[in-house]
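Inspection log for the structure reproduced underneath, given as structure tokens.
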Amino acid sequence: MWRALAFLALLALAAFGAVWIADRPGTVTIVWNGYEVATSLAIALVGVLVAALVIGFIWAIVRGVIGLPGSLVRGSRERRRAKGFTALSRGMVAVGSGDPLAARRHARDAERLLGAEPLALLLKAQAAQISGDREAAEQAFQRMANDPETRVLGLRGLFVEARRREDESAARAYAAEAARLAPSVTWANEAMLEAQCADGDWAGALETVERRASLGLIEKASARRQRAVLLTASAQAREAGEPEIATERALKAVKLAPDLVPAAAIAGRLLSRTGDLRKAAKIVEAAWKANPHPDLAKVYLNLRTGDSVRDRLARAETLAKLSTWHPEARLALAQTAYEAREFGQAREALQPLLADRPTVRACLMMARIEEAEHGAGSGRAREWLARAAHAPRDPLWIADGVASETWAPISPVSGRLDAFEWKAPTELLAGPDSGDGVTGDLDDRGESRPIAPPAAPAGASRTGDQPKPDLAQPDLSKPDLAKPAAAQAEAGKAAPAPVTPTSLPQKPETAAPLAAGTATPVVLPLPRTPDDPGAGPEEAEAKARRFG
């Protein structure tokens with residue numbers, strides 16, 4: 001609309017000028033080289049306009065002839081560049097679809113047409129990667145690292161290739177250089193943090209976390225949690241040799257994350273050694289309310305050295321009230337009541353845990369109580385030991401499929417910070433009973449197959465391993481079967497156990513725990529006939545009536 005209005009305005013202006021000139025006639029005389037030309041003003045103006053158009057047209061032709069070679073070169077360059085980007089686009093599609101032959105072909109075309117274009121180098125590197133040509137990929141990434149514009153991208157590729165060939169020193173060097181050049185690069189910061197944690201450089205890891213938090217790479221809550229974990233790791237490393245520094249860092253960790261169990265446990269232990277029992281109890285109680293844990297119970301029950309078992313029993317009752325009778329509080333109360341020879345109170349504390357699939361620690365605690373009351377070879381003690389062999393495992397520290405009894409700041413598998421979680425290990429497939437048998441995975445034909453657990457690092461176990469209870473071990477968090485199968489068989493011959501509804505349907509010699517990764521076959525009893533010795537008189541009479 002505005003263009004139409006402008007055109008109309010110009011047209012009106014031209015018409016006004018033409019009328020103004022027509023109303024004021026005049027003559028124009030040109031004298032040149034003895035000649036005199038006289039004409040009207042209007043014709044003179046038209047002549048000037050025509051002359052200007054002719055001169056402009058001639059100038060355009062001259063410029064076109066002069067600039068023709070450059071135009072041809074520019075057109076060829078543009079066509080070449082367009083073909084190069086087409087090859088680049090097709091190469092990226094080939095890389096994404098996993099076609100190494102097409103990816104390499106398009107990468108060669110893109111490099112030939114575009115030269116040292118960063119995207120062409122990236123395509124060449126990715127084509128070499130999916131083709132398995134690591135040397136060509138590293139060469140492409142090295143060329144990118146030498147260019148200031150693509151240096152960080154090239155360092156990222158070299159870092160990945162160094163990780164693939166398990167060259168940790170080179171990977172750390174590339175990550176450090178990338179972090180120096182671009183402090184906000186996420187992968188470089190994460191790699192630096194992982195390397196510092198693997199080396200135990202907790203101070204450097206703290207600086208890295210603070211830098212990431214200041215740059216906004218992680219949320220404030222995550223940064224506080226990571227700082228607390230790193231401070232706890234530092235306190236754990238210095239607890240034996242430098243208790244003052246360890247106490248300071250443990251208290252900082254508790255302030256950042258009051259529910260972090262290892263931090264509260266370390267702070268409670270160190271404060272109790274210095275005699276600050278009130279502050280230690282306050283820290284442990286706050287953490288216990290958030291996450292009831294055996295380590296916190298152990299620290300809280302042993303705050304004052306030399307306390308009687310009655311004093312420890314009173315503290316256990318306090319923990320139970322604080323956590324509204326959490327299962328961990330019941331186990332701690334049962335343990336202290338057992339040590340105080342209050343077997344009735346111990347049974348009462350454990351009773352709610354025995355109703356539905358009691359765990360290994362609950363079964364072992366009941367076995368201790370039965371052994372203390374009725375002797376080591378009593379049938380009920382052996383019954384609880386047998387149930388403990390196949391009972392569900394208690395919670396452990398688990399990270400990336402590895403179960404450990406002790407907390408660690410990083411995962412032993414992936415090196416991830418704050419990876420350990422306190423939870424129950426994954427169980428093998430079990431029957432509908434109360435955990436008396438364990439079976440392997442079932443295939444499509446309904447046959448049972450043993451589950452082979454993966455190997456675990458030293459000091460830790462995979463979550464699918466079978467527990468090994470130990471009656472003589474005073475620490476309930478370390479189950480291990482004390483009596484071998486042969487000893488239990490001998491005890492069974494000397495003092496046979498009474499048959500009760502809760503007794504396990506197995507012989508004494510089969511009560512030992514299974515080896516790790518061994519499946520227990522599910523054996524279904526054959527249907528009894530009236531001729532069997534175990535058939536009752538009613539069944540025999542029914543068969544007689546049915547068969548005449």
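Just so we're on the same page: first chain in the structure tokens is A, next is B, and so on; residues restart at 1 for each chain, and ligands are numbered from 1 in the order they show up.
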### Message
Just list as number ranges by chain whatever in segment 202-355 of chain A DSSP marks as helix (DSSP H, G or I).
### Response
A: 202-214, 220-238, 243-256, 261-274, 277-290, 294-301, 309-322, 327-339, 343-354
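When only C-alpha atoms are used to measure the gap to Ala257 of chain A, the shortest distance among A:Thr27, A:Ser40, A:Asn33, A:Ser222 belongs to A:Ser222.
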#### Entry: Within 10 Å of Lys252 of chain A using only C-alpha atoms, minus same-chain residues under 6 positions, as an NGL selection string
:A and (227-228 or 231-232 or 235 or 246 or 258 or 263 or 267)
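The shell of residues at most 12 Å from Ser131 of chain A, with only C-alpha atoms counted and near chain neighbours (fewer than 6 positions) removed, consists of A:Ala94, A:Val95, A:Gly98, A:Asp99, A:Pro100, A:Leu101, A:Ala102, A:Ala103, A:Arg104, A:Arg105, A:Lys124, A:Ala125, A:Ala137.
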### Message
Among segment 8-65 of chain A, which residues does DSSP mark as strand (DSSP E or B) when it is run on the backbone? Keep the chain and numbering as in the structure and answer as a PyMOL selection string.
### Response
chain A and resi 27-32+35-40
### Query
Residues at most 8 Å from Thr208 of chain A, counting only C-alpha atoms, excluding those fewer than 6 positions away in the same chain, as a ChimeraX atom specification?
/A:189,192-193
### Task
Could you give me, as a VMD selection string, the residues within 7 Å of segment 311-321 of chain A, counting only C-alpha atoms and dropping anything in the same chain fewer than 5 positions from it?
chain A and resid 301 326 329 to 330 332 to 333 336 to 337
### Task
Record the distance separating atom CA of Trp407 of chain A and atom CA of Leu303 of chain A, expressed in Å with one decimal.
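Going from atom CA of Trp407 of chain A over to atom CA of Leu303 of chain A covers 20.8 Å.
Residue nearest Ala419 of chain A, chosen from A:Gly67, A:Leu353, A:Glu168, A:Val229 and counting only C-alpha atoms: A:Val229.
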### Query
Which residue out of A:Ile30, A:Ala9, A:Val37, A:Val360 has the minimum interatomic distance to Ala386 of chain A when only C-alpha atoms are used?
A:Val360
